[in-house]
Amino acid sequence: MRPRIAASRERLYRVALAWCGDSMLADDLVQETLSLALQKVHQLRDRERLNAWLYSILNNCWKQYLRNRRPHEDLDDERPCDKPGPELMVDRLEIVSRVRTAVAALPLEQRRVLALVDLEGFSYSNVAEILEIPVGTVMSRLHRARKGLVKLLDTADEQATAKPAGSSLRRVK
């Protein structure tokens with residue numbers, strides 16, 4: 001069971017990073033989650049539900065963190081997965097930055113559901129169990145999160161393509 005728990009680290013990290021936006025905090029949350037999971041593995045009743053159990057522990061660690069401290073967000077911490085050319089890398093970093101900024105602007109409850117469903121591929125019922133909320137709440141939060149994300153990204157695109165104030169040419173006599 002220990003290897004299966006350890007193998008979940010990267011997936012837990014992605015969700016933790018999506019929730020908190022801070023790579024160091026995400027790493028701490030995952031470390032705490034894995035530590036608790038290894039200590040309490042004997043409490044896991046259904047080994048087929050290991051992933052849902054791990055995400056429930058991560059959710060509880062996150063809630064405990066929020067109770068104890070105010071989170072801060074570091075949106076500039078990007079980890080490229082391969083080595084593209086500089087132009088492609090700049091484009092990717094810009095897109096990642098826009099998406100992270102938009103996701104970070106969503107309310108926390110929407111961000112949590114969005115990360116579990118869209119990043120990790122959990123079913124609505126699994127997310128409801130992990131976050132201890134009704135399935136209908138998962139669906140409505142996900143709908144609002146996706147709508148909000150589209151709106152925020154559209155706004156960011158409009159701002160990026162808009163002319164800066166005073167950029168039009170003027171005729172000088």
# chains A, B, ... in the order shown; residues from 1 in each chain; ligands from 1
$ select_by_dssp --residues "chain A" --states "alpha helix (DSSP H)" --output "short mmCIF file (atom, residue, chain, number, x, y, z; two decimals) with N, CA and C atoms, in the first residue's frame"
data_model
loop_
_atom_site.label_atom_id
_atom_site.label_comp_id
_atom_site.auth_asym_id
_atom_site.auth_seq_id
_atom_site.Cartn_x
_atom_site.Cartn_y
_atom_site.Cartn_z
N ARG A 2 2.01 1.21 0.69
CA ARG A 2 2.90 2.37 0.77
C ARG A 2 3.33 2.87 -0.62
N PRO A 3 3.70 1.98 -1.54
CA PRO A 3 4.09 2.46 -2.88
C PRO A 3 2.94 3.15 -3.61
N ARG A 4 1.72 2.64 -3.45
CA ARG A 4 0.56 3.28 -4.09
C ARG A 4 0.32 4.67 -3.52
N ILE A 5 0.49 4.82 -2.22
CA ILE A 5 0.32 6.13 -1.59
C ILE A 5 1.40 7.08 -2.10
N ALA A 6 2.64 6.63 -2.13
CA ALA A 6 3.74 7.47 -2.59
C ALA A 6 3.58 7.85 -4.06
N ALA A 7 3.03 6.95 -4.86
CA ALA A 7 2.84 7.21 -6.29
C ALA A 7 1.80 8.29 -6.56
N ARG A 9 1.74 11.22 -5.19
CA ARG A 9 2.30 12.51 -4.82
C ARG A 9 2.10 13.59 -5.89
N GLU A 10 2.45 13.31 -7.13
CA GLU A 10 2.36 14.33 -8.18
C GLU A 10 0.92 14.78 -8.42
N ARG A 11 -0.01 13.84 -8.41
CA ARG A 11 -1.42 14.21 -8.61
C ARG A 11 -1.93 15.05 -7.45
N LEU A 12 -1.56 14.67 -6.23
CA LEU A 12 -1.95 15.46 -5.06
C LEU A 12 -1.35 16.86 -5.15
N TYR A 13 -0.11 16.94 -5.60
CA TYR A 13 0.57 18.23 -5.72
C TYR A 13 -0.16 19.14 -6.71
N ARG A 14 -0.56 18.60 -7.86
CA ARG A 14 -1.27 19.42 -8.85
C ARG A 14 -2.54 20.02 -8.26
N VAL A 15 -3.28 19.21 -7.54
CA VAL A 15 -4.52 19.71 -6.94
C VAL A 15 -4.21 20.73 -5.85
N ALA A 16 -3.26 20.43 -5.00
CA ALA A 16 -2.89 21.36 -3.93
C ALA A 16 -2.43 22.69 -4.51
N LEU A 17 -1.64 22.64 -5.59
CA LEU A 17 -1.17 23.87 -6.23
C LEU A 17 -2.34 24.65 -6.82
N ALA A 18 -3.29 23.94 -7.42
CA ALA A 18 -4.47 24.62 -7.97
C ALA A 18 -5.29 25.27 -6.87
N TRP A 19 -5.36 24.64 -5.70
CA TRP A 19 -6.13 25.20 -4.60
C TRP A 19 -5.46 26.42 -3.99
N CYS A 20 -4.16 26.34 -3.76
CA CYS A 20 -3.51 27.40 -2.98
C CYS A 20 -2.68 28.36 -3.83
N SER A 23 3.59 27.11 -4.69
CA SER A 23 4.26 25.82 -4.85
C SER A 23 4.82 25.28 -3.54
N MET A 24 5.36 26.15 -2.70
CA MET A 24 5.92 25.68 -1.43
C MET A 24 4.82 25.21 -0.49
N LEU A 25 3.72 25.95 -0.44
CA LEU A 25 2.60 25.54 0.40
C LEU A 25 2.00 24.24 -0.12
N ALA A 26 1.87 24.12 -1.44
CA ALA A 26 1.33 22.89 -2.03
C ALA A 26 2.20 21.70 -1.65
N ASP A 27 3.51 21.89 -1.70
CA ASP A 27 4.42 20.82 -1.31
C ASP A 27 4.25 20.45 0.16
N ASP A 28 4.09 21.46 1.02
CA ASP A 28 3.87 21.20 2.44
C ASP A 28 2.56 20.44 2.68
N LEU A 29 1.50 20.85 1.97
CA LEU A 29 0.21 20.19 2.12
C LEU A 29 0.28 18.73 1.68
N VAL A 30 0.97 18.48 0.59
CA VAL A 30 1.11 17.10 0.10
C VAL A 30 1.94 16.27 1.07
N GLN A 31 3.00 16.86 1.58
CA GLN A 31 3.84 16.14 2.54
C GLN A 31 3.03 15.77 3.78
N GLU A 32 2.24 16.72 4.28
CA GLU A 32 1.39 16.46 5.44
C GLU A 32 0.35 15.38 5.11
N THR A 33 -0.23 15.46 3.91
CA THR A 33 -1.22 14.47 3.48
C THR A 33 -0.62 13.07 3.44
N LEU A 34 0.55 12.94 2.82
CA LEU A 34 1.18 11.63 2.71
C LEU A 34 1.60 11.10 4.07
N SER A 35 2.07 11.98 4.92
CA SER A 35 2.47 11.56 6.26
C SER A 35 1.26 11.01 7.03
N LEU A 36 0.15 11.75 6.99
CA LEU A 36 -1.06 11.29 7.67
C LEU A 36 -1.58 9.99 7.06
N ALA A 37 -1.53 9.90 5.74
CA ALA A 37 -2.02 8.69 5.07
C ALA A 37 -1.20 7.47 5.50
N LEU A 38 0.10 7.63 5.57
CA LEU A 38 0.95 6.51 5.97
C LEU A 38 0.72 6.13 7.43
N GLN A 39 0.44 7.12 8.26
CA GLN A 39 0.17 6.85 9.67
C GLN A 39 -1.17 6.15 9.87
N LEU A 50 -8.65 4.33 -2.50
CA LEU A 50 -7.45 4.98 -2.00
C LEU A 50 -7.35 6.43 -2.46
N ASN A 51 -7.58 6.69 -3.75
CA ASN A 51 -7.44 8.06 -4.26
C ASN A 51 -8.42 9.01 -3.60
N ALA A 52 -9.67 8.62 -3.50
CA ALA A 52 -10.66 9.48 -2.85
C ALA A 52 -10.26 9.72 -1.39
N TRP A 53 -9.76 8.70 -0.72
CA TRP A 53 -9.32 8.83 0.67
C TRP A 53 -8.16 9.82 0.78
N LEU A 54 -7.19 9.72 -0.13
CA LEU A 54 -6.04 10.64 -0.11
C LEU A 54 -6.48 12.08 -0.35
N TYR A 55 -7.39 12.28 -1.30
CA TYR A 55 -7.86 13.64 -1.56
C TYR A 55 -8.69 14.18 -0.41
N SER A 56 -9.38 13.31 0.31
CA SER A 56 -10.10 13.75 1.51
C SER A 56 -9.11 14.22 2.57
N ILE A 57 -8.01 13.50 2.71
CA ILE A 57 -6.98 13.92 3.67
C ILE A 57 -6.38 15.25 3.24
N LEU A 58 -6.09 15.40 1.94
CA LEU A 58 -5.57 16.66 1.42
C LEU A 58 -6.55 17.80 1.70
N ASN A 59 -7.83 17.55 1.46
CA ASN A 59 -8.85 18.55 1.73
C ASN A 59 -8.85 18.96 3.20
N ASN A 60 -8.73 17.99 4.09
CA ASN A 60 -8.70 18.31 5.52
C ASN A 60 -7.44 19.08 5.90
N CYS A 61 -6.30 18.73 5.31
CA CYS A 61 -5.06 19.48 5.57
C CYS A 61 -5.21 20.93 5.09
N TRP A 62 -5.83 21.10 3.93
CA TRP A 62 -6.05 22.45 3.39
C TRP A 62 -6.98 23.26 4.30
N LYS A 63 -8.06 22.63 4.75
CA LYS A 63 -8.98 23.33 5.66
C LYS A 63 -8.28 23.70 6.96
N GLN A 64 -7.44 22.81 7.47
CA GLN A 64 -6.70 23.10 8.70
C GLN A 64 -5.74 24.27 8.47
N TYR A 65 -5.09 24.30 7.33
CA TYR A 65 -4.19 25.41 7.01
C TYR A 65 -4.97 26.73 6.98
N LEU A 66 -6.13 26.73 6.33
CA LEU A 66 -6.93 27.95 6.24
C LEU A 66 -7.39 28.42 7.61
N ARG A 67 -7.67 27.48 8.50
CA ARG A 67 -8.07 27.86 9.86
C ARG A 67 -6.92 28.53 10.60
N ASN A 68 -5.71 28.05 10.37
CA ASN A 68 -4.55 28.52 11.14
C ASN A 68 -3.84 29.73 10.54
N PRO A 86 12.53 29.34 -27.16
CA PRO A 86 12.22 30.50 -26.30
C PRO A 86 10.88 31.17 -26.63
N GLU A 87 10.54 31.27 -27.93
CA GLU A 87 9.28 31.92 -28.29
C GLU A 87 8.08 31.11 -27.80
N LEU A 88 8.16 29.80 -28.02
CA LEU A 88 7.07 28.93 -27.57
C LEU A 88 6.98 28.93 -26.06
N MET A 89 8.13 28.96 -25.41
CA MET A 89 8.15 28.96 -23.96
C MET A 89 7.52 30.25 -23.40
N VAL A 90 7.82 31.38 -24.02
CA VAL A 90 7.22 32.64 -23.58
C VAL A 90 5.71 32.60 -23.78
N ASP A 91 5.27 32.07 -24.92
CA ASP A 91 3.82 31.96 -25.17
C ASP A 91 3.16 31.06 -24.13
N ARG A 92 3.80 29.93 -23.86
CA ARG A 92 3.23 29.01 -22.86
C ARG A 92 3.18 29.65 -21.48
N LEU A 93 4.25 30.32 -21.11
CA LEU A 93 4.28 30.96 -19.80
C LEU A 93 3.22 32.04 -19.69
N GLU A 94 2.99 32.76 -20.78
CA GLU A 94 1.95 33.79 -20.78
C GLU A 94 0.57 33.16 -20.61
N ILE A 95 0.32 32.07 -21.32
CA ILE A 95 -0.96 31.38 -21.20
C ILE A 95 -1.13 30.82 -19.80
N VAL A 96 -0.10 30.17 -19.30
CA VAL A 96 -0.15 29.61 -17.94
C VAL A 96 -0.41 30.71 -16.93
N SER A 97 0.26 31.83 -17.10
CA SER A 97 0.08 32.95 -16.18
C SER A 97 -1.35 33.47 -16.21
N ARG A 98 -1.90 33.60 -17.42
CA ARG A 98 -3.28 34.07 -17.55
C ARG A 98 -4.26 33.10 -16.90
N VAL A 99 -4.06 31.81 -17.16
CA VAL A 99 -4.98 30.81 -16.60
C VAL A 99 -4.85 30.78 -15.08
N ARG A 100 -3.62 30.78 -14.58
CA ARG A 100 -3.44 30.77 -13.12
C ARG A 100 -4.04 32.01 -12.47
N THR A 101 -3.84 33.15 -13.10
CA THR A 101 -4.41 34.38 -12.56
C THR A 101 -5.94 34.28 -12.55
N ALA A 102 -6.50 33.77 -13.63
CA ALA A 102 -7.96 33.63 -13.71
C ALA A 102 -8.47 32.62 -12.68
N VAL A 103 -7.79 31.48 -12.56
CA VAL A 103 -8.21 30.47 -11.58
C VAL A 103 -8.09 31.03 -10.17
N ALA A 104 -7.01 31.75 -9.90
CA ALA A 104 -6.81 32.33 -8.56
C ALA A 104 -7.88 33.37 -8.23
N ALA A 105 -8.46 33.98 -9.26
CA ALA A 105 -9.50 34.99 -9.02
C ALA A 105 -10.85 34.36 -8.70
N LEU A 108 -12.65 30.37 -3.69
CA LEU A 108 -11.96 29.15 -3.27
C LEU A 108 -12.79 27.90 -3.50
N GLU A 109 -14.06 27.93 -3.14
CA GLU A 109 -14.90 26.73 -3.26
C GLU A 109 -15.04 26.30 -4.72
N GLN A 110 -15.11 27.26 -5.63
CA GLN A 110 -15.18 26.92 -7.05
C GLN A 110 -13.84 26.37 -7.54
N ARG A 111 -12.75 26.96 -7.05
CA ARG A 111 -11.41 26.53 -7.43
C ARG A 111 -11.16 25.08 -7.02
N ARG A 112 -11.61 24.72 -5.84
CA ARG A 112 -11.40 23.36 -5.34
C ARG A 112 -12.13 22.34 -6.22
N VAL A 113 -13.38 22.61 -6.54
CA VAL A 113 -14.17 21.70 -7.37
C VAL A 113 -13.57 21.62 -8.78
N LEU A 114 -13.21 22.75 -9.34
CA LEU A 114 -12.62 22.80 -10.68
C LEU A 114 -11.35 21.95 -10.75
N TYR A 124 -18.30 13.58 -10.23
CA TYR A 124 -18.98 14.51 -9.33
C TYR A 124 -19.22 13.87 -7.97
N SER A 125 -19.61 12.59 -7.98
CA SER A 125 -19.90 11.93 -6.70
C SER A 125 -18.63 11.77 -5.87
N ASN A 126 -17.49 11.50 -6.52
CA ASN A 126 -16.23 11.41 -5.77
C ASN A 126 -15.85 12.76 -5.17
N VAL A 127 -16.03 13.82 -5.95
CA VAL A 127 -15.71 15.16 -5.46
C VAL A 127 -16.62 15.51 -4.29
N ALA A 128 -17.89 15.16 -4.41
CA ALA A 128 -18.84 15.42 -3.31
C ALA A 128 -18.39 14.72 -2.04
N GLU A 129 -17.93 13.49 -2.19
CA GLU A 129 -17.46 12.73 -1.03
C GLU A 129 -16.18 13.35 -0.45
N ILE A 130 -15.24 13.71 -1.31
CA ILE A 130 -13.97 14.27 -0.87
C ILE A 130 -14.18 15.58 -0.11
N LEU A 131 -15.02 16.46 -0.69
CA LEU A 131 -15.24 17.78 -0.09
C LEU A 131 -16.38 17.81 0.92
N VAL A 135 -23.81 16.44 -4.25
CA VAL A 135 -23.43 16.38 -5.66
C VAL A 135 -23.95 17.61 -6.41
N GLY A 136 -25.16 18.05 -6.09
CA GLY A 136 -25.71 19.23 -6.74
C GLY A 136 -24.86 20.47 -6.50
N THR A 137 -24.28 20.57 -5.33
CA THR A 137 -23.39 21.69 -5.02
C THR A 137 -22.12 21.59 -5.86
N VAL A 138 -21.61 20.39 -6.04
CA VAL A 138 -20.43 20.19 -6.91
C VAL A 138 -20.76 20.68 -8.31
N MET A 139 -21.91 20.28 -8.82
CA MET A 139 -22.30 20.64 -10.18
C MET A 139 -22.47 22.15 -10.33
N SER A 140 -23.12 22.79 -9.37
CA SER A 140 -23.33 24.23 -9.50
C SER A 140 -22.02 25.00 -9.35
N ARG A 141 -21.16 24.57 -8.44
CA ARG A 141 -19.87 25.26 -8.27
C ARG A 141 -19.00 25.09 -9.52
N LEU A 142 -19.03 23.90 -10.10
CA LEU A 142 -18.25 23.66 -11.30
C LEU A 142 -18.77 24.50 -12.46
N HIS A 143 -20.08 24.58 -12.59
CA HIS A 143 -20.68 25.40 -13.65
C HIS A 143 -20.27 26.87 -13.47
N ARG A 144 -20.40 27.37 -12.25
CA ARG A 144 -20.01 28.77 -11.99
C ARG A 144 -18.52 28.99 -12.22
N ALA A 145 -17.71 28.03 -11.83
CA ALA A 145 -16.26 28.15 -12.00
C ALA A 145 -15.89 28.22 -13.47
N ARG A 146 -16.49 27.34 -14.27
CA ARG A 146 -16.18 27.33 -15.71
C ARG A 146 -16.65 28.61 -16.38
N LYS A 147 -17.86 29.06 -16.03
CA LYS A 147 -18.35 30.33 -16.59
C LYS A 147 -17.46 31.48 -16.17
N GLY A 148 -17.09 31.52 -14.90
CA GLY A 148 -16.23 32.58 -14.41
C GLY A 148 -14.86 32.56 -15.06
N LEU A 149 -14.33 31.38 -15.28
CA LEU A 149 -13.02 31.24 -15.91
C LEU A 149 -13.06 31.75 -17.34
N VAL A 150 -14.10 31.39 -18.08
CA VAL A 150 -14.24 31.88 -19.45
C VAL A 150 -14.32 33.40 -19.46
N LYS A 151 -15.13 33.95 -18.57
CA LYS A 151 -15.28 35.40 -18.51
C LYS A 151 -13.96 36.08 -18.16
N LEU A 152 -13.26 35.56 -17.17
CA LEU A 152 -11.98 36.14 -16.76
C LEU A 152 -10.93 36.04 -17.87
N LEU A 153 -10.90 34.92 -18.57
CA LEU A 153 -9.93 34.76 -19.66
C LEU A 153 -10.28 35.65 -20.84
N ASP A 154 -11.57 35.80 -21.14
CA ASP A 154 -11.98 36.71 -22.20
C ASP A 154 -11.59 38.14 -21.86
N THR A 155 -11.80 38.54 -20.62
CA THR A 155 -11.43 39.88 -20.17
C THR A 155 -9.92 40.08 -20.28
N ALA A 156 -9.15 39.06 -19.90
CA ALA A 156 -7.69 39.15 -19.98
C ALA A 156 -7.25 39.27 -21.43
N ASP A 157 -7.90 38.52 -22.34
CA ASP A 157 -7.56 38.60 -23.76
C ASP A 157 -7.87 39.98 -24.32
N GLU A 158 -9.03 40.53 -23.94
CA GLU A 158 -9.40 41.87 -24.40
C GLU A 158 -8.40 42.90 -23.92
N GLN A 159 -7.98 42.79 -22.68
CA GLN A 159 -7.01 43.74 -22.13
C GLN A 159 -5.66 43.60 -22.80
N ALA A 160 -5.29 42.38 -23.14
CA ALA A 160 -3.98 42.16 -23.77
C ALA A 160 -3.94 42.69 -25.19
N THR A 161 -5.08 42.66 -25.89
CA THR A 161 -5.11 43.12 -27.27
C THR A 161 -5.52 44.57 -27.41
#
$ atom_distance --atom1 "atom CA of Asp118 of chain A" --atom2 "atom CA of Arg47 of chain A"
23.8 Å
